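Q: Let me begin by handing over the structure; questions about it come next.
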Amino acid sequence: MKKKIAFKTLGCRLNLFETDALISEFSKIDYQIVDFSDDADVYVVNTCTVTNQSDHKSKQVINQMKRLHPDSLKIVTGCMATHYKEQLEKSGKVDFVVDNDHKAAITSLVDAWAHGEVVTPDRFEKDLFGYEPAETTLHTRSLIKIQDGCNNFCSFCIIPKVRGRAVSRPAKDIYENIKQVIAFGYKEIILTGVNIGRYKDGNTDFERLVEQILEIPGDFRLRISSMEPDGFTESFFRLFSHSKLTPHLHLCLQSGSEDVLLKMRRMYTAGLFEEMANELRRRYPYFNLTTDIIVGFPGETEKDFSETIALAKRLQFGHIHTFKYSVRHGTKAEHMPDQVPEKEKTRRSEIIRRLSDEMKLQYRKSLIGKEQTVLVERFDEQDFAIGYGEHYVPVVIRQKGLKHNRFYTVTLEGMEMRDEPMLTGRVKVH
């Protein structure tokens, strides 16, 4: 009988890419992928540690795994596994703790264990990019890892400690990976990494990499995931005029206060961020710009917070992912004075969430009457197709008989509320 393996992924798209790659590799060696709530021989938790809440969620999943599946092989990997490796190994709750450097070797580790070998993760070589192109995943889109690590050392961030210094994947490997997943049938490619804007392989920087990817033949579109606003040139803005590159970008603001950004050690100003956002909107009026905002950073005054609100209102983001500042041991911000009370962080966070909901609704309403190229990802209980348009907005196509993983040009006619506001429409008749 096939052995069964289950995965739980927490955190960022980089974790999602790495889980997808592992799922594909286990499928190739005849493992059955099952839901994390089902019985399995092996469980893998890919953790996050970016905030205290992330740690709490990861610990909850680990404790649940230990309680419900005491006799299964239990593996913890990801950023929390890197940051708290020794503590997790001593806890007795898991069999293997695999840091990020060795994550790509999990398939080999489990296979060796299944054959009765006595192994440890450190036996395998470190390899940040040692993942085969993923043919079998849990998603319609294909995530492509182009970079890992970060050299920015923001005062609040622990990522350089758990992901290491910035390193870029060879461009030729990226091109080959993309060609393979296109051959597998994937229609949407997402570039991911920790700080992808700093990509550099020889003479190939991020902009050149994207240009070359867009020239790869095939029926696909390209999406850029989260980026740092380190300053863009004319050539970067020009990239979005290509029909294959989607007009959506998650650009991390964190704060609209110049004083707070300086304390955070961010590599840009609020003014520069606003200039970049305005230039994107000037060139591409319905460009969907989404962002991250941290509230309650040490020393953030009511004036600082008001500046963040004002900038967000001027830029009209399509969505804001809000974080309450979380103390991370080993960061400069841990020892900063004027820590903001938790109750005040919660208040500010709720204000941002309400503002985000208003702006999201307004942005999506502005698209009614226009067209979107929708990639069908799933079907609802009425057999209506659901997918995302090029602007990364969810669309319900109120027609039956459409096909999964197929592009359709859809005329947007209205909106309905499900888990979130979703645009509705019908396939354009040519």
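By convention in this document, the chains of the structure tokens carry letters A, B, ... by their order, each chain's residues are numbered from 1, and ligands are numbered from 1 in the order they are shown.
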For the alpha helix (DSSP H) assignment from backbone DSSP, which residues of stretch 155-363 of chain A qualify? Please present them as a PyMOL selection string.
A: chain A and resi 159-163+171-184+206-214+234-239+258-264+270-283+302-315+342-363
Q: Do you know which residues are at most 9 Å from A:Glu125 counting only C-alpha atoms, after dropping those on the same chain fewer than 4 positions away, and could you put them as a PyMOL selection string?
A: chain A and resi 101-102+105+121
Q: May I have the residues within 12 Å of A:Arg238 as a PyMOL selection string, using only C-alpha atoms and disregarding those fewer than 2 positions away in the same chain?
A: chain A and resi 207-208+210-211+232-236+240-243+245+247+279-280+282-284
Q: Let me see the file: selected residues, N, CA and C atoms, as a PDB file, in the first residue's frame.
A:
ATOM      1  N   GLU A 207      14.963  43.056 -13.190  1.00  0.00           N
ATOM      2  CA  GLU A 207      14.239  43.534 -14.367  1.00  0.00           C
ATOM      3  C   GLU A 207      14.599  42.710 -15.603  1.00  0.00           C
ATOM      4  N   ARG A 208      15.886  42.423 -15.760  1.00  0.00           N
ATOM      5  CA  ARG A 208      16.320  41.615 -16.904  1.00  0.00           C
ATOM      6  C   ARG A 208      15.754  40.204 -16.808  1.00  0.00           C
ATOM      7  N   VAL A 210      12.911  39.271 -15.427  1.00  0.00           N
ATOM      8  CA  VAL A 210      11.496  39.314 -15.803  1.00  0.00           C
ATOM      9  C   VAL A 210      11.347  39.458 -17.319  1.00  0.00           C
ATOM     10  N   GLU A 211      12.149  40.319 -17.925  1.00  0.00           N
ATOM     11  CA  GLU A 211      12.093  40.493 -19.380  1.00  0.00           C
ATOM     12  C   GLU A 211      12.309  39.172 -20.104  1.00  0.00           C
ATOM     13  N   PHE A 232      12.536  52.063  -8.007  1.00  0.00           N
ATOM     14  CA  PHE A 232      12.452  51.427  -9.314  1.00  0.00           C
ATOM     15  C   PHE A 232      12.790  52.434 -10.414  1.00  0.00           C
ATOM     16  N   THR A 233      13.286  51.918 -11.499  1.00  0.00           N
ATOM     17  CA  THR A 233      13.641  52.747 -12.634  1.00  0.00           C
ATOM     18  C   THR A 233      12.531  52.703 -13.678  1.00  0.00           C
ATOM     19  N   GLU A 234      12.709  53.509 -14.700  1.00  0.00           N
ATOM     20  CA  GLU A 234      11.776  53.541 -15.827  1.00  0.00           C
ATOM     21  C   GLU A 234      11.583  52.164 -16.424  1.00  0.00           C
ATOM     22  N   SER A 235      12.671  51.386 -16.493  1.00  0.00           N
ATOM     23  CA  SER A 235      12.581  50.064 -17.126  1.00  0.00           C
ATOM     24  C   SER A 235      11.697  49.114 -16.328  1.00  0.00           C
ATOM     25  N   PHE A 236      11.632  49.296 -14.994  1.00  0.00           N
ATOM     26  CA  PHE A 236      10.751  48.448 -14.192  1.00  0.00           C
ATOM     27  C   PHE A 236       9.291  48.772 -14.484  1.00  0.00           C
ATOM     28  N   PHE A 240       5.386  46.340 -17.074  1.00  0.00           N
ATOM     29  CA  PHE A 240       3.962  46.015 -16.938  1.00  0.00           C
ATOM     30  C   PHE A 240       3.161  46.309 -18.202  1.00  0.00           C
ATOM     31  N   SER A 241       3.795  46.868 -19.217  1.00  0.00           N
ATOM     32  CA  SER A 241       3.102  47.058 -20.486  1.00  0.00           C
ATOM     33  C   SER A 241       3.027  45.760 -21.287  1.00  0.00           C
ATOM     34  N   HIS A 242       3.798  44.747 -20.859  1.00  0.00           N
ATOM     35  CA  HIS A 242       3.777  43.448 -21.538  1.00  0.00           C
ATOM     36  C   HIS A 242       2.490  42.706 -21.190  1.00  0.00           C
ATOM     37  N   SER A 243       1.862  42.133 -22.176  1.00  0.00           N
ATOM     38  CA  SER A 243       0.554  41.494 -21.977  1.00  0.00           C
ATOM     39  C   SER A 243       0.597  40.296 -21.034  1.00  0.00           C
ATOM     40  N   LEU A 245       2.491  40.102 -18.253  1.00  0.00           N
ATOM     41  CA  LEU A 245       2.772  40.493 -16.873  1.00  0.00           C
ATOM     42  C   LEU A 245       1.532  41.134 -16.263  1.00  0.00           C
ATOM     43  N   PRO A 247      -1.061  43.251 -13.991  1.00  0.00           N
ATOM     44  CA  PRO A 247      -1.011  44.594 -13.399  1.00  0.00           C
ATOM     45  C   PRO A 247      -1.376  44.581 -11.910  1.00  0.00           C
ATOM     46  N   GLU A 279       3.223  56.687 -10.054  1.00  0.00           N
ATOM     47  CA  GLU A 279       3.717  56.431 -11.410  1.00  0.00           C
ATOM     48  C   GLU A 279       3.075  55.176 -11.992  1.00  0.00           C
ATOM     49  N   LEU A 280       2.928  54.147 -11.172  1.00  0.00           N
ATOM     50  CA  LEU A 280       2.250  52.930 -11.640  1.00  0.00           C
ATOM     51  C   LEU A 280       0.810  53.240 -12.034  1.00  0.00           C
ATOM     52  N   ARG A 282      -0.407  56.158 -12.880  1.00  0.00           N
ATOM     53  CA  ARG A 282      -0.441  57.057 -14.031  1.00  0.00           C
ATOM     54  C   ARG A 282      -0.343  56.270 -15.330  1.00  0.00           C
ATOM     55  N   ARG A 283       0.525  55.274 -15.328  1.00  0.00           N
ATOM     56  CA  ARG A 283       0.721  54.469 -16.530  1.00  0.00           C
ATOM     57  C   ARG A 283      -0.399  53.452 -16.726  1.00  0.00           C
ATOM     58  N   TYR A 284      -0.864  52.878 -15.613  1.00  0.00           N
ATOM     59  CA  TYR A 284      -1.850  51.793 -15.670  1.00  0.00           C
ATOM     60  C   TYR A 284      -2.959  52.122 -14.660  1.00  0.00           C
TER      61      TYR A 284
END
Q: Can you pull out the residues contacting A:Val295? Cut-off 7 Å, using only C-alpha atoms, and skip same-chain residues under 6 positions away; I want them as a PyMOL selection string.
A: chain A and resi 323-325+345+348-349
Q: Quick one: contact table of stretch 39-150 of chain A to stretch 2-18 of chain A, 8 Å max, nearest atom pair and distance in Å to one decimal per residue, counting only C-alpha atoms, chain and number order, as a tab-separated table?
A:
residue	atom	partner	partner_atom	distance
A:Asp39	CA	A:Lys4	CA	7.8
A:Ala40	CA	A:Lys4	CA	4.7
A:Asp41	CA	A:Lys4	CA	5.2
A:Val42	CA	A:Ile5	CA	4.6
A:Tyr43	CA	A:Ala6	CA	4.9
A:Val44	CA	A:Phe7	CA	4.8
A:Val45	CA	A:Lys8	CA	4.8
A:Asn46	CA	A:Thr9	CA	4.8
A:Thr47	CA	A:Leu10	CA	5.2
A:Cys48	CA	A:Gly11	CA	5.0
A:Ser54	CA	A:Gly11	CA	7.4
A:Ser58	CA	A:Leu10	CA	7.3
A:Gly78	CA	A:Asn15	CA	7.2
A:Lys103	CA	A:Glu18	CA	8.0
A:Ala104	CA	A:Glu18	CA	7.6
A:Tyr131	CA	A:Glu18	CA	7.5
A:Ser142	CA	A:Phe17	CA	7.9
A:Leu143	CA	A:Phe17	CA	5.3
A:Ile144	CA	A:Phe17	CA	6.7
A:Lys145	CA	A:Phe17	CA	6.8
Q: Would you pick out the contacts of A:Ser326 at 10 Å or less, using only C-alpha atoms, so that residues sharing its chain but fewer than 4 positions from it are not included, and give the list as a VMD selection string?
A: chain A and resid 50 to 54 156 to 157 294 to 298 333 to 334 342 345
Q: For A:Lys244, list every protein, DNA or RNA residue within 12 Å, evaluated using only C-alpha atoms, and leave out those in the same chain fewer than 3 positions away; present the list as a list in words.
A: Lys187, Glu188, Ile189, Ile190, Val210, Glu211, Gln212, Ile213, Leu214, Glu215, Ile216, Pro217, Gly218, Asp219, Phe220, Arg221, Leu222, Arg223, Ile224, Leu239, Phe240, Ser241, Pro247, His248, Thr373, Glu390 and His391 of chain A
Q: Between A:His319, A:Lys179, A:Arg281, A:Arg398, which one has atoms that come closest to A:Cys252, using only C-alpha atoms?
A: A:His319
Q: Would you list, as a ChimeraX atom specification, the residues of stretch 32-202 of chain A that end up in strand (DSSP E or B) under DSSP run on this structure's backbone?
A: /A:32-34,42-47,73-78,96-98,142-145,147-148,167-168,188-192,200-201
Q: Write out as a ChimeraX atom specification the residues lying within 12 Å of A:Glu358, counting only C-alpha atoms and excluding same-chain residues fewer than 2 positions away.
A: /A:312-313,316-320,351-356,360-365,420-421
Q: Write the residues of the preceding selection, restricted to N, CA and C atoms, as a PDB file, in the first residue's frame.
A:
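again27.pdb, written as the output of this step:
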ATOM      1  N   ALA A 312      -2.429  55.948   3.084  1.00  0.00           N
ATOM      2  CA  ALA A 312      -3.239  54.835   2.580  1.00  0.00           C
ATOM      3  C   ALA A 312      -4.473  55.353   1.838  1.00  0.00           C
ATOM      4  N   LYS A 313      -5.101  56.376   2.377  1.00  0.00           N
ATOM      5  CA  LYS A 313      -6.285  56.941   1.720  1.00  0.00           C
ATOM      6  C   LYS A 313      -5.921  57.590   0.385  1.00  0.00           C
ATOM      7  N   GLN A 316      -5.164  54.564  -2.031  1.00  0.00           N
ATOM      8  CA  GLN A 316      -6.302  53.674  -2.292  1.00  0.00           C
ATOM      9  C   GLN A 316      -5.840  52.263  -2.666  1.00  0.00           C
ATOM     10  N   PHE A 317      -5.225  51.588  -1.709  1.00  0.00           N
ATOM     11  CA  PHE A 317      -4.747  50.220  -1.921  1.00  0.00           C
ATOM     12  C   PHE A 317      -5.917  49.271  -2.206  1.00  0.00           C
ATOM     13  N   GLY A 318      -5.636  48.249  -2.999  1.00  0.00           N
ATOM     14  CA  GLY A 318      -6.643  47.224  -3.254  1.00  0.00           C
ATOM     15  C   GLY A 318      -6.827  46.286  -2.071  1.00  0.00           C
ATOM     16  N   HIS A 319      -5.827  46.237  -1.180  1.00  0.00           N
ATOM     17  CA  HIS A 319      -5.913  45.434   0.047  1.00  0.00           C
ATOM     18  C   HIS A 319      -4.728  45.808   0.922  1.00  0.00           C
ATOM     19  N   ILE A 320      -4.926  45.791   2.233  1.00  0.00           N
ATOM     20  CA  ILE A 320      -3.841  46.008   3.192  1.00  0.00           C
ATOM     21  C   ILE A 320      -3.772  44.806   4.119  1.00  0.00           C
ATOM     22  N   ILE A 351      -8.627  49.771  12.933  1.00  0.00           N
ATOM     23  CA  ILE A 351      -8.863  50.932  12.065  1.00  0.00           C
ATOM     24  C   ILE A 351      -8.331  50.652  10.656  1.00  0.00           C
ATOM     25  N   ILE A 352      -7.140  50.091  10.586  1.00  0.00           N
ATOM     26  CA  ILE A 352      -6.549  49.767   9.277  1.00  0.00           C
ATOM     27  C   ILE A 352      -7.370  48.697   8.568  1.00  0.00           C
ATOM     28  N   ARG A 353      -7.834  47.713   9.303  1.00  0.00           N
ATOM     29  CA  ARG A 353      -8.631  46.640   8.692  1.00  0.00           C
ATOM     30  C   ARG A 353      -9.924  47.188   8.090  1.00  0.00           C
ATOM     31  N   ARG A 354     -10.580  48.075   8.823  1.00  0.00           N
ATOM     32  CA  ARG A 354     -11.824  48.664   8.296  1.00  0.00           C
ATOM     33  C   ARG A 354     -11.539  49.506   7.057  1.00  0.00           C
ATOM     34  N   LEU A 355     -10.448  50.264   7.096  1.00  0.00           N
ATOM     35  CA  LEU A 355     -10.071  51.074   5.943  1.00  0.00           C
ATOM     36  C   LEU A 355      -9.753  50.176   4.752  1.00  0.00           C
ATOM     37  N   SER A 356      -9.056  49.083   4.998  1.00  0.00           N
ATOM     38  CA  SER A 356      -8.721  48.142   3.931  1.00  0.00           C
ATOM     39  C   SER A 356      -9.979  47.570   3.292  1.00  0.00           C
ATOM     40  N   LYS A 360     -10.862  48.063  -0.579  1.00  0.00           N
ATOM     41  CA  LYS A 360     -10.984  46.866  -1.403  1.00  0.00           C
ATOM     42  C   LYS A 360     -12.312  46.859  -2.144  1.00  0.00           C
ATOM     43  N   LEU A 361     -13.387  47.167  -1.422  1.00  0.00           N
ATOM     44  CA  LEU A 361     -14.712  47.202  -2.024  1.00  0.00           C
ATOM     45  C   LEU A 361     -14.785  48.264  -3.123  1.00  0.00           C
ATOM     46  N   GLN A 362     -14.238  49.429  -2.842  1.00  0.00           N
ATOM     47  CA  GLN A 362     -14.276  50.521  -3.802  1.00  0.00           C
ATOM     48  C   GLN A 362     -13.473  50.178  -5.058  1.00  0.00           C
ATOM     49  N   TYR A 363     -12.298  49.575  -4.868  1.00  0.00           N
ATOM     50  CA  TYR A 363     -11.469  49.208  -6.015  1.00  0.00           C
ATOM     51  C   TYR A 363     -12.172  48.177  -6.894  1.00  0.00           C
ATOM     52  N   ARG A 364     -12.742  47.180  -6.276  1.00  0.00           N
ATOM     53  CA  ARG A 364     -13.388  46.124  -7.060  1.00  0.00           C
ATOM     54  C   ARG A 364     -14.634  46.654  -7.776  1.00  0.00           C
ATOM     55  N   LYS A 365     -15.370  47.571  -7.138  1.00  0.00           N
ATOM     56  CA  LYS A 365     -16.515  48.174  -7.811  1.00  0.00           C
ATOM     57  C   LYS A 365     -16.084  48.939  -9.051  1.00  0.00           C
ATOM     58  N   GLU A 420     -15.599  37.051   0.843  1.00  0.00           N
ATOM     59  CA  GLU A 420     -15.121  38.396   0.578  1.00  0.00           C
ATOM     60  C   GLU A 420     -15.901  38.918  -0.625  1.00  0.00           C
ATOM     61  N   PRO A 421     -15.822  40.228  -0.922  1.00  0.00           N
ATOM     62  CA  PRO A 421     -16.522  40.732  -2.104  1.00  0.00           C
ATOM     63  C   PRO A 421     -15.918  40.164  -3.382  1.00  0.00           C
TER      64      PRO A 421
END
